[in-house]
$ cat query34.txt   # compact mmCIF, C-alpha atoms and all ligand atoms
# COMPACT_ATOMS: atom_id res chain seq x y z
CA MET A 937 14.43 -9.94 10.17
CA SER A 938 14.56 -8.26 13.56
CA GLN A 939 13.31 -9.97 16.68
CA LYS A 940 10.40 -7.53 16.75
CA GLU A 941 9.32 -8.41 13.19
CA ARG A 942 9.32 -12.15 13.72
CA PRO A 943 5.81 -13.55 14.08
CA SER A 944 5.48 -15.47 17.30
CA PRO A 945 5.26 -19.24 16.90
CA PRO A 946 1.77 -20.72 16.83
CA ARG A 947 0.40 -21.70 20.20
CA LYS A 948 -0.94 -25.20 20.59
CA GLY A 949 -4.38 -25.49 19.02
CA GLU A 950 -4.26 -21.96 17.59
CA ASP A 951 -5.54 -21.36 14.05
CA ARG A 952 -3.05 -19.68 11.78
CA LEU A 953 -3.61 -17.84 8.54
CA VAL A 954 -1.86 -20.27 6.24
CA ASP A 955 -3.32 -20.82 2.79
CA ARG A 956 -3.52 -23.89 0.54
CA PHE A 957 -0.17 -22.97 -1.01
CA HIS A 958 1.58 -22.80 2.38
CA ARG A 959 1.76 -19.00 2.40
CA GLN A 960 1.46 -17.50 5.85
CA ILE A 961 -0.57 -14.30 6.03
CA THR A 962 0.94 -11.73 8.38
CA TYR A 963 0.06 -8.45 6.68
CA LEU A 964 -3.30 -6.64 6.46
CA ARG A 965 -3.79 -3.57 4.29
CA ILE A 966 -6.73 -1.43 5.30
CA SER A 967 -8.51 1.14 3.17
CA VAL A 968 -10.16 3.47 5.68
CA THR A 969 -11.99 5.48 3.03
CA ASP A 970 -12.66 5.41 -0.71
CA ARG A 971 -12.58 9.21 -0.79
CA CYS A 972 -9.66 11.15 -2.09
CA ASN A 973 -8.61 14.73 -2.66
CA MET A 974 -6.81 13.80 -5.89
CA ARG A 975 -7.97 12.22 -9.13
CA CYS A 976 -4.97 10.28 -10.42
CA VAL A 977 -5.40 9.18 -14.01
CA TYR A 978 -4.46 5.57 -13.20
CA CYS A 979 -6.75 5.31 -10.17
CA MET A 980 -9.88 7.45 -10.22
CA PRO A 981 -9.77 9.78 -13.19
CA GLY A 982 -12.09 12.77 -13.55
CA GLN A 983 -15.37 11.04 -14.29
CA PRO A 984 -17.85 10.90 -11.42
CA ILE A 985 -17.40 7.77 -9.36
CA SER A 986 -19.85 6.37 -6.90
CA ARG A 987 -18.71 7.22 -3.41
CA LEU A 988 -19.67 5.14 -0.44
CA SER A 989 -22.02 6.77 2.04
CA HIS A 990 -20.96 7.33 5.63
CA ASP A 991 -22.95 4.29 6.71
CA GLU A 992 -21.38 1.99 4.16
CA ILE A 993 -17.87 2.68 5.46
CA LEU A 994 -16.58 0.63 8.35
CA ARG A 995 -16.51 2.60 11.60
CA TYR A 996 -13.15 2.92 13.31
CA GLU A 997 -14.20 0.70 16.20
CA GLU A 998 -15.27 -1.97 13.70
CA ILE A 999 -11.87 -1.82 12.01
CA LEU A 1000 -10.08 -2.05 15.37
CA ARG A 1001 -12.10 -5.11 16.29
CA ILE A 1002 -11.22 -6.74 12.99
CA VAL A 1003 -7.54 -5.95 13.46
CA ARG A 1004 -7.52 -7.42 16.98
CA THR A 1005 -8.96 -10.64 15.57
CA ALA A 1006 -6.43 -10.64 12.74
CA VAL A 1007 -3.56 -10.13 15.18
CA ALA A 1008 -4.75 -13.08 17.25
CA LEU A 1009 -4.51 -15.09 14.02
CA GLY A 1010 -0.92 -14.05 13.36
CA VAL A 1011 -1.16 -10.72 11.49
CA ARG A 1012 1.82 -8.58 12.55
CA LYS A 1013 1.79 -5.67 10.14
CA VAL A 1014 -0.96 -3.27 9.07
CA ARG A 1015 -0.88 -0.59 6.40
CA VAL A 1016 -3.46 2.18 6.51
CA THR A 1017 -4.39 3.43 3.07
CA GLY A 1018 -7.39 4.62 1.05
CA GLY A 1019 -8.59 6.67 -0.96
CA ASP A 1020 -6.51 9.05 0.99
CA PRO A 1021 -6.50 8.08 4.66
CA LEU A 1022 -5.79 11.63 5.79
CA VAL A 1023 -9.11 12.93 4.42
CA ARG A 1024 -11.05 10.83 6.92
CA ARG A 1025 -12.02 12.71 10.05
CA GLY A 1026 -10.61 11.36 13.31
CA ILE A 1027 -7.74 9.54 11.60
CA GLY A 1028 -5.23 10.63 14.29
CA GLY A 1029 -7.15 8.99 17.14
CA PHE A 1030 -7.69 5.90 15.02
CA LEU A 1031 -3.95 5.59 14.29
CA ARG A 1032 -3.17 5.91 18.00
CA SER A 1033 -5.65 3.14 18.90
CA LEU A 1034 -4.36 0.97 16.08
CA SER A 1035 -0.73 1.33 17.14
CA GLY A 1036 -1.74 0.43 20.67
CA ILE A 1037 -3.05 -3.02 19.70
CA SER A 1038 -0.95 -5.53 21.53
CA GLY A 1039 0.85 -7.99 19.26
CA LEU A 1040 0.80 -5.67 16.25
CA GLU A 1041 4.43 -4.99 15.40
CA GLU A 1042 4.24 -2.49 12.58
CA VAL A 1043 1.76 0.14 11.46
CA THR A 1044 2.50 2.07 8.27
CA LEU A 1045 0.61 4.65 6.25
CA THR A 1046 0.27 5.36 2.53
CA THR A 1047 -0.81 8.84 1.48
CA ASN A 1048 -0.71 11.19 -1.49
CA GLY A 1049 0.92 13.73 0.83
CA LEU A 1050 -1.56 16.55 0.26
CA LEU A 1051 -2.66 16.73 3.91
CA LEU A 1052 0.52 15.27 5.32
CA ASN A 1053 2.11 18.45 6.63
CA GLU A 1054 -0.68 19.13 9.10
CA HIS A 1055 -0.89 15.47 10.19
CA LEU A 1056 2.79 14.69 10.72
CA GLU A 1057 2.86 15.45 14.46
CA THR A 1058 -0.21 13.28 15.05
CA ILE A 1059 1.19 10.42 12.99
CA LEU A 1060 4.49 10.59 14.84
CA SER A 1061 2.81 10.68 18.23
CA ALA A 1062 0.77 7.64 17.22
CA GLY A 1063 4.08 5.79 16.99
CA ILE A 1064 4.18 5.48 13.20
CA ARG A 1065 7.62 5.93 11.63
CA ARG A 1066 7.27 4.38 8.17
CA LEU A 1067 5.54 6.33 5.43
CA ASN A 1068 4.76 5.68 1.78
CA ILE A 1069 4.05 8.83 -0.19
CA SER A 1070 2.99 8.87 -3.82
CA LEU A 1071 5.09 11.09 -6.07
CA ASP A 1072 4.89 10.23 -9.76
CA THR A 1073 6.89 13.17 -11.09
CA LEU A 1074 9.32 15.93 -10.20
CA LYS A 1075 7.57 18.34 -12.58
CA PRO A 1076 4.83 20.45 -11.03
CA GLU A 1077 2.78 20.82 -14.24
CA ARG A 1078 2.95 17.12 -14.88
CA PHE A 1079 1.92 16.43 -11.30
CA ARG A 1080 -1.17 18.56 -11.94
CA ASP A 1081 -1.97 16.62 -15.11
CA ILE A 1082 -1.59 13.23 -13.40
CA THR A 1083 -3.33 13.98 -10.10
CA GLY A 1084 -5.75 16.79 -10.98
CA ARG A 1085 -4.21 18.98 -8.27
CA ASP A 1086 -1.65 21.73 -8.76
CA GLU A 1087 0.10 20.90 -5.48
CA TRP A 1088 3.50 19.39 -6.25
CA ALA A 1089 5.33 21.90 -4.05
CA ARG A 1090 3.06 21.19 -1.11
CA VAL A 1091 3.65 17.44 -1.31
CA TRP A 1092 7.40 17.89 -1.76
CA ALA A 1093 7.54 20.20 1.27
CA ALA A 1094 5.68 17.63 3.38
CA ILE A 1095 8.14 14.91 2.29
CA GLY A 1096 11.03 17.14 3.40
CA LYS A 1097 9.39 17.87 6.73
CA ALA A 1098 8.70 14.17 7.35
CA HIS A 1099 12.38 13.48 6.70
CA ARG A 1100 13.49 16.19 9.12
CA MET A 1101 11.14 14.83 11.77
CA GLY A 1102 12.83 11.45 11.56
CA PHE A 1103 10.28 9.34 9.69
CA SER A 1104 12.12 6.39 8.18
CA PRO A 1105 12.02 4.81 5.80
CA ILE A 1106 10.14 7.23 3.58
CA LYS A 1107 9.15 5.37 0.45
CA LEU A 1108 8.17 7.39 -2.61
CA ASN A 1109 5.74 5.47 -4.82
CA VAL A 1110 6.00 6.19 -8.55
CA VAL A 1111 3.44 4.61 -10.86
CA VAL A 1112 5.22 4.56 -14.22
CA LEU A 1113 3.01 5.61 -17.10
CA ARG A 1114 3.99 5.21 -20.71
CA GLY A 1115 4.23 8.55 -22.50
CA ILE A 1116 3.44 10.44 -19.30
CA ASN A 1117 6.28 10.15 -16.77
CA ASP A 1118 8.47 7.37 -18.17
CA ASP A 1119 11.10 9.91 -19.26
CA GLU A 1120 11.79 10.84 -15.62
CA LEU A 1121 12.95 7.58 -14.14
CA GLN A 1122 16.60 8.58 -13.91
CA ASP A 1123 15.78 11.86 -12.20
CA LEU A 1124 13.50 10.11 -9.74
CA ALA A 1125 16.05 7.36 -9.09
CA ALA A 1126 18.70 10.05 -8.52
CA LEU A 1127 16.75 11.23 -5.47
CA SER A 1128 18.11 8.14 -3.72
CA LEU A 1129 21.66 9.48 -4.22
CA GLN A 1130 20.87 12.60 -2.26
CA TRP A 1131 18.20 11.55 0.23
CA PRO A 1132 17.62 8.43 2.32
CA PHE A 1133 14.39 7.85 0.40
CA HIS A 1134 13.31 4.54 -1.09
CA ILE A 1135 12.01 5.21 -4.59
CA ARG A 1136 9.53 2.54 -5.65
CA PHE A 1137 8.80 2.23 -9.37
CA ILE A 1138 5.45 0.49 -9.81
CA GLU A 1139 3.93 -1.09 -12.89
CA CYS A 1140 0.53 0.36 -13.64
CA MET A 1141 -2.18 -2.20 -12.92
CA PRO A 1142 -5.41 -2.47 -14.92
CA MET A 1143 -7.94 -1.62 -12.23
CA GLY A 1144 -11.49 -0.29 -12.20
CA SER A 1145 -11.89 3.00 -14.05
CA GLY A 1146 -8.19 3.93 -14.04
CA VAL A 1147 -6.75 4.55 -17.50
CA ALA A 1148 -3.50 2.70 -17.84
CA SER A 1149 -1.59 5.40 -19.80
CA HIS A 1150 -0.79 5.52 -23.50
CA GLY A 1151 -0.13 2.00 -24.73
CA PRO A 1152 0.82 -1.09 -22.78
CA PRO A 1153 2.07 -0.73 -19.20
CA VAL A 1154 5.78 -0.03 -18.82
CA THR A 1155 7.29 -3.23 -17.46
CA ILE A 1156 9.92 -3.25 -14.73
CA ASP A 1157 12.41 -4.65 -17.27
CA GLU A 1158 11.97 -1.50 -19.34
CA MET A 1159 12.28 0.65 -16.21
CA LYS A 1160 15.53 -1.04 -15.20
CA VAL A 1161 17.11 -0.35 -18.60
CA GLN A 1162 16.44 3.36 -18.19
CA VAL A 1163 17.65 3.60 -14.63
CA ALA A 1164 20.80 1.61 -15.44
CA GLY A 1165 22.00 4.62 -17.46
CA LEU A 1166 22.60 6.45 -14.18
CA GLY A 1167 25.45 4.22 -12.99
CA ASP A 1168 26.13 0.94 -11.20
CA TRP A 1169 23.39 -0.37 -8.96
CA THR A 1170 23.92 -3.22 -6.56
CA GLN A 1171 20.97 -5.48 -5.89
CA LEU A 1172 20.06 -5.70 -2.20
CA GLN A 1173 19.16 -8.99 -0.65
CA SER A 1174 15.59 -9.16 0.41
CA HIS A 1175 14.44 -11.00 3.46
CA PRO A 1176 11.08 -12.72 3.98
CA ASN A 1177 9.38 -9.75 5.59
CA ASP A 1178 10.32 -7.40 2.75
CA GLY A 1179 7.64 -6.21 0.42
CA PRO A 1180 7.54 -7.32 -3.18
CA ALA A 1181 10.07 -4.76 -4.46
CA GLU A 1182 13.32 -5.80 -6.15
CA ARG A 1183 15.70 -3.40 -4.45
CA TYR A 1184 18.92 -1.71 -5.57
CA ARG A 1185 21.34 0.83 -4.16
CA MET A 1186 24.19 2.81 -5.63
CA GLU A 1187 27.43 2.69 -3.69
CA GLY A 1188 27.53 5.34 -1.00
CA ALA A 1189 23.94 6.43 -1.62
CA PRO A 1190 21.75 7.18 1.40
CA GLY A 1191 18.65 5.87 -0.31
CA GLU A 1192 17.63 3.01 -2.58
CA ILE A 1193 15.33 2.21 -5.46
CA GLY A 1194 12.94 -0.67 -5.98
CA PHE A 1195 10.80 -2.11 -8.74
CA ILE A 1196 7.37 -3.59 -8.22
CA GLY A 1197 6.24 -5.62 -11.19
CA ALA A 1198 2.91 -6.98 -10.09
CA ILE A 1199 1.92 -7.73 -13.67
CA SER A 1200 5.06 -8.72 -15.57
CA HIS A 1201 6.83 -10.44 -12.63
CA HIS A 1202 4.04 -11.26 -10.26
CA PHE A 1203 5.17 -12.20 -6.77
CA CYS A 1204 2.09 -14.22 -5.83
CA HIS A 1205 4.23 -17.09 -4.51
CA ARG A 1206 5.49 -14.73 -1.78
CA CYS A 1207 2.13 -13.12 -1.02
CA ASN A 1208 1.62 -12.62 2.72
CA ARG A 1209 -1.32 -10.23 2.66
CA LEU A 1210 -5.04 -9.73 2.91
CA ARG A 1211 -6.95 -6.51 2.26
CA LEU A 1212 -9.82 -4.90 4.10
CA THR A 1213 -11.81 -2.60 1.84
CA ALA A 1214 -13.36 0.67 2.97
CA SER A 1215 -16.79 -0.96 2.93
CA GLY A 1216 -15.72 -3.93 5.03
CA GLY A 1217 -14.91 -6.53 2.40
CA LEU A 1218 -12.10 -8.91 3.25
CA ARG A 1219 -10.27 -9.38 0.00
CA PRO A 1220 -7.81 -12.22 -0.51
CA CYS A 1221 -6.15 -10.56 -3.51
CA LEU A 1222 -5.86 -7.03 -4.89
CA LEU A 1223 -6.18 -8.35 -8.43
CA ALA A 1224 -9.10 -10.74 -8.04
CA ASP A 1225 -12.67 -9.66 -7.56
CA HIS A 1226 -13.95 -11.99 -4.86
CA GLN A 1227 -14.24 -10.84 -1.26
CA PHE A 1228 -15.90 -11.72 2.05
CA ASP A 1229 -18.43 -9.45 3.72
CA LEU A 1230 -17.09 -8.69 7.19
CA LYS A 1231 -19.22 -5.60 7.64
CA SER A 1232 -22.54 -7.44 7.30
CA LEU A 1233 -21.31 -10.12 9.66
CA ILE A 1234 -20.30 -7.58 12.29
CA ARG A 1235 -23.46 -5.50 11.94
CA ALA A 1236 -25.62 -8.60 12.24
CA GLY A 1237 -24.06 -9.19 15.66
CA GLY A 1238 -21.35 -11.60 14.55
CA THR A 1239 -19.08 -12.92 17.30
CA ASP A 1240 -15.29 -12.72 17.34
CA ASP A 1241 -15.25 -16.41 16.57
CA GLU A 1242 -17.34 -15.84 13.43
CA ILE A 1243 -14.98 -13.05 12.34
CA ARG A 1244 -12.07 -15.41 12.88
CA LYS A 1245 -13.76 -18.08 10.76
CA LEU A 1246 -14.32 -15.62 7.93
CA PHE A 1247 -10.61 -14.76 8.00
CA LEU A 1248 -9.71 -18.42 7.78
CA GLU A 1249 -12.16 -18.91 4.91
CA ALA A 1250 -10.76 -15.89 3.03
CA VAL A 1251 -7.23 -17.21 3.42
CA ARG A 1252 -8.23 -20.67 2.28
CA SER A 1253 -9.77 -19.11 -0.83
CA LYS A 1254 -6.57 -17.36 -1.91
CA ARG A 1255 -5.68 -18.43 -5.42
CA GLU A 1256 -2.20 -19.39 -6.44
CA HIS A 1257 -1.90 -16.44 -8.86
CA HIS A 1258 -3.83 -13.23 -9.37
CA ALA A 1259 -6.46 -12.96 -12.09
CA VAL A 1260 -4.52 -10.48 -14.21
CA ALA A 1261 -1.72 -13.02 -14.60
CA ALA A 1262 -4.41 -15.02 -16.40
CA GLY A 1263 -5.24 -12.07 -18.68
CA GLU A 1264 -8.29 -10.71 -16.84
CA ARG A 1265 -9.00 -7.14 -15.77
CA THR A 1266 -10.42 -6.57 -12.30
CA SER A 1267 -13.41 -4.32 -11.78
CA GLY A 1268 -12.37 -3.34 -8.25
CA GLN A 1269 -11.71 0.35 -7.66
CA MET A 1270 -8.17 0.87 -6.34
CA SER A 1271 -9.30 3.74 -4.10
CA ALA A 1272 -11.75 1.52 -2.21
CA ILE A 1273 -9.37 -1.43 -1.96
CA GLY A 1274 -6.32 0.62 -1.04
CA GLY A 1275 -3.63 -0.40 -3.51
N1 LIG B 1 -4.10 7.96 -1.80
C1 LIG B 1 -2.94 7.32 -1.32
C2 LIG B 1 -1.81 7.39 -2.30
O1 LIG B 1 -2.07 7.68 -3.47
O2 LIG B 1 -0.67 7.15 -1.92
C3 LIG B 1 -3.18 5.90 -0.88
C4 LIG B 1 -4.08 5.05 -1.73
S1 LIG B 1 -3.46 4.63 -3.32
C5 LIG B 1 -4.77 3.64 -3.97
C6 LIG B 1 -2.20 3.47 -2.87
C7 LIG B 1 -1.14 3.26 -3.93
O3 LIG B 1 -1.74 2.64 -5.05
C8 LIG B 1 -0.48 4.54 -4.43
O4 LIG B 1 0.92 4.43 -4.34
C9 LIG B 1 -0.90 4.61 -5.87
O5 LIG B 1 0.08 5.21 -6.66
C10 LIG B 1 -1.12 3.15 -6.21
N2 LIG B 1 -2.00 2.94 -7.36
C11 LIG B 1 -3.23 3.46 -7.57
N3 LIG B 1 -3.74 3.03 -8.75
C12 LIG B 1 -2.79 2.21 -9.30
C13 LIG B 1 -2.71 1.45 -10.50
N4 LIG B 1 -3.71 1.44 -11.40
N5 LIG B 1 -1.60 0.71 -10.70
C14 LIG B 1 -0.58 0.71 -9.81
N6 LIG B 1 -0.60 1.40 -8.65
C15 LIG B 1 -1.68 2.16 -8.40
FE1 LIG B 2 -6.25 9.28 -4.64
FE2 LIG B 2 -4.20 7.71 -4.14
FE3 LIG B 2 -6.00 7.04 -6.03
FE4 LIG B 2 -4.37 9.08 -6.46
S1 LIG B 2 -3.78 6.94 -6.18
S2 LIG B 2 -6.61 9.09 -6.80
S3 LIG B 2 -4.13 9.94 -4.47
S4 LIG B 2 -6.37 7.15 -3.87

$ encode --input "query34.txt" --output "structure tokens"
Amino acid sequence: MSQKERPSPPRKGEDRLVDRFHRQITYLRISVTDRCNMRCVYCMPGQPISRLSHDEILRYEEILRIVRTAVALGVRKVRVTGGDPLVRRGIGGFLRSLSGISGLEEVTLTTNGLLLNEHLETILSAGIRRLNISLDTLKPERFRDITGRDEWARVWAAIGKAHRMGFSPIKLNVVVLRGINDDELQDLAALSLQWPFHIRFIECMPMGSGVASHGPPVTIDEMKVQVAGLGDWTQLQSHPNDGPAERYRMEGAPGEIGFIGAISHHFCHRCNRLRLTASGGLRPCLLADHQFDLKSLIRAGGTDDEIRKLFLEAVRSKREHHAVAAGERTSGQMSAIGG
């Protein structure tokens, strides 16, 4: 862990975001919109979904206030996600303000890449260097079938441009879907032999209206068997600030691969995160339906101290394991929570 990434020690008398299972919360994921310009089958497939009205979405200044409070409580890393964050107007200015928050050490962005090309300069000038881009396939027709948009080439071109501009790391998120893209894992993993990309293979989670592919989700154990056929992978050591991915690299490769098995190998014991939904719900867990209404508190004139107390309450309510580990399905919509 670099000096910059290390959370500062608690000051005397300061409240910290530590839950009942001794997990310290340092990471906030923010969905800035539930809207998206794609319709991924596992997230928000074609059927009409209720979209939040302008008024129901947190305003940027409300989000910034929440983040300042979270940082004072020890949050050090924020990910901006959605829906697709780049469809929201004014996102560039918001990212600049967010990056400028003192005490926040890392701001990252997750996008489907469709509007990335035209936003790259703005993102770079906001001081963001780390990008996650979703890319479930290397086949343009399949990309169209999964996302509803015939735009594989556009996303691939934006990934290349981001690389040339010096964004690093660039993580490519692949949700593995049985019978849909699970025959491509070797080809996707092979990208890491040619590019300094981090390919992240993700188990499909049973969320909201997303259809979880044909048959049971592909587990990371199954994914590893396939990818092993490509050659010898060495497991990389992860350090406490790493995400949940189990990471591997092939000797001499510029990039790496990782597996995220939120369902079959849940990593709840290492969870360091909270989520802020597009409509201002503070959610202790992606895969559990309860959340705390920060928006109503703020709009009713809540003080910073009351926001702080709600954070502490949300953290105290974190369960030891997510609900899906106990066989439940969550009703939450991934696009509003942010993945
Ligand atoms: N629109 C952006 C994108 O797709 O990258 C950001 C939001 S999206 C909800 C964030 C991440 O969640 C993406 O990497 C997406 O692939 C992943 N995701 C969405 N639905 C999922 C599901 N049912 N299971 C696993 N991952 C999912
Ligand atoms: Fe949109 Fe991302 Fe959901 Fe796909 S995964 S529908 S790109 S929010």

$ residues_around --input "query34.txt" --residues "Ile1059 (chain A)" --least-positions-apart "3" --cutoff "9 Å" --atoms "only C-alpha atoms" --output "mmCIF file with C-alpha atoms, keeping the file's coordinate frame"
data_model
loop_
_atom_site.group_PDB
_atom_site.id
_atom_site.type_symbol
_atom_site.label_atom_id
_atom_site.label_comp_id
_atom_site.auth_asym_id
_atom_site.auth_seq_id
_atom_site.Cartn_x
_atom_site.Cartn_y
_atom_site.Cartn_z
ATOM 1 C CA GLY A 1028 -5.230 10.630 14.290
ATOM 2 C CA LEU A 1031 -3.950 5.590 14.290
ATOM 3 C CA ARG A 1032 -3.170 5.910 18.000
ATOM 4 C CA LEU A 1045 0.610 4.650 6.250
ATOM 5 C CA HIS A 1055 -0.890 15.470 10.190
ATOM 6 C CA LEU A 1056 2.790 14.690 10.720
ATOM 7 C CA ALA A 1062 0.770 7.640 17.220
ATOM 8 C CA GLY A 1063 4.080 5.790 16.990
ATOM 9 C CA ILE A 1064 4.180 5.480 13.200
ATOM 10 C CA ARG A 1065 7.620 5.930 11.630
#

$ residues_near_ligand --input "query34.txt" --ligand "ligand LIG 2 (chain B)" --cutoff "6 Å" --atoms "only C-alpha atoms and all ligand atoms" --output "count of residues only"
11

$ residues_around --input "query34.txt" --residues "Tyr996 (chain A)" --least-positions-apart "6" --cutoff "9 Å" --atoms "only C-alpha atoms" --output "PyMOL selection string"
chain A and resi 968+1026-1027+1030

$ atom_distance --input "query34.txt" --atom1 "CA of Arg1211 (chain A)" --atom2 "CA of Ala1008 (chain A)"
16.5 Å

$ closest_residue --input "query34.txt" --among "A:Arg1015, A:Arg1004, A:Arg1066, A:Lys1075" --to "ligand LIG 1 (chain B)" --atoms "only C-alpha atoms and all ligand atoms"
A:Arg1015

$ decode --input "query34.txt" --residues "region 1104-1175 of chain A" --atoms "C-alpha atoms" --output "compact mmCIF listing (two decimals), in the first residue's frame"
# COMPACT_ATOMS: atom_id res chain seq x y z
CA SER A 1104 -3.73 3.33 -15.84
CA PRO A 1105 -4.78 0.88 -14.80
CA ILE A 1106 -7.53 0.31 -17.31
CA LYS A 1107 -9.68 -2.52 -16.02
CA LEU A 1108 -11.98 -4.29 -18.46
CA ASN A 1109 -15.02 -5.74 -16.71
CA VAL A 1110 -16.43 -8.93 -18.21
CA VAL A 1111 -19.65 -10.33 -16.78
CA VAL A 1112 -19.49 -14.01 -17.70
CA LEU A 1113 -22.77 -15.38 -18.99
CA ARG A 1114 -23.42 -19.06 -19.51
CA GLY A 1115 -24.13 -19.87 -23.14
CA ILE A 1116 -23.56 -16.27 -24.18
CA ASN A 1117 -19.90 -15.26 -23.81
CA ASP A 1118 -18.40 -18.09 -21.75
CA ASP A 1119 -16.61 -19.46 -24.82
CA GLU A 1120 -14.47 -16.31 -25.07
CA LEU A 1121 -12.63 -16.31 -21.78
CA GLN A 1122 -9.29 -17.33 -23.26
CA ASP A 1123 -9.46 -14.66 -25.94
CA LEU A 1124 -10.37 -12.02 -23.39
CA ALA A 1125 -7.65 -13.18 -20.98
CA ALA A 1126 -5.15 -13.07 -23.86
CA LEU A 1127 -5.66 -9.30 -24.07
CA SER A 1128 -3.53 -9.11 -20.93
CA LEU A 1129 -0.61 -10.64 -22.86
CA GLN A 1130 -0.63 -7.81 -25.35
CA TRP A 1131 -1.91 -4.80 -23.41
CA PRO A 1132 -1.40 -3.52 -19.87
CA PHE A 1133 -5.10 -4.05 -19.22
CA HIS A 1134 -6.55 -5.76 -16.17
CA ILE A 1135 -9.26 -8.14 -17.36
CA ARG A 1136 -11.82 -8.75 -14.62
CA PHE A 1137 -14.06 -11.80 -14.99
CA ILE A 1138 -17.19 -11.27 -12.89
CA GLU A 1139 -19.81 -13.75 -11.78
CA CYS A 1140 -23.27 -12.67 -12.82
CA MET A 1141 -25.27 -11.60 -9.79
CA PRO A 1142 -29.03 -12.11 -9.45
CA MET A 1143 -30.20 -8.51 -9.32
CA GLY A 1144 -33.46 -6.70 -10.07
CA SER A 1145 -34.77 -7.34 -13.57
CA GLY A 1146 -31.47 -8.59 -15.03
CA VAL A 1147 -31.69 -12.05 -16.57
CA ALA A 1148 -28.82 -14.14 -15.34
CA SER A 1149 -28.07 -15.95 -18.65
CA HIS A 1150 -28.94 -19.49 -19.66
CA GLY A 1151 -28.70 -21.73 -16.62
CA PRO A 1152 -26.86 -21.19 -13.37
CA PRO A 1153 -24.22 -18.46 -13.17
CA VAL A 1154 -20.73 -19.45 -14.32
CA THR A 1155 -18.63 -19.67 -11.17
CA ILE A 1156 -15.09 -18.35 -10.99
CA ASP A 1157 -13.86 -21.94 -10.54
CA GLU A 1158 -15.30 -22.78 -13.95
CA MET A 1159 -13.79 -19.61 -15.42
CA LYS A 1160 -10.34 -20.47 -14.07
CA VAL A 1161 -10.41 -23.93 -15.69
CA GLN A 1162 -11.02 -22.35 -19.08
CA VAL A 1163 -8.41 -19.65 -18.75
CA ALA A 1164 -5.82 -22.15 -17.48
CA GLY A 1165 -5.75 -23.63 -20.99
CA LEU A 1166 -3.90 -20.54 -22.16
CA GLY A 1167 -0.70 -21.21 -20.19
CA ASP A 1168 0.84 -20.74 -16.75
CA TRP A 1169 -0.60 -18.01 -14.61
CA THR A 1170 1.05 -16.83 -11.43
CA GLN A 1171 -1.22 -15.62 -8.66
CA LEU A 1172 -0.45 -12.07 -7.53
CA GLN A 1173 -0.43 -11.18 -3.90
CA SER A 1174 -3.18 -8.84 -2.97
CA HIS A 1175 -2.82 -6.17 -0.38
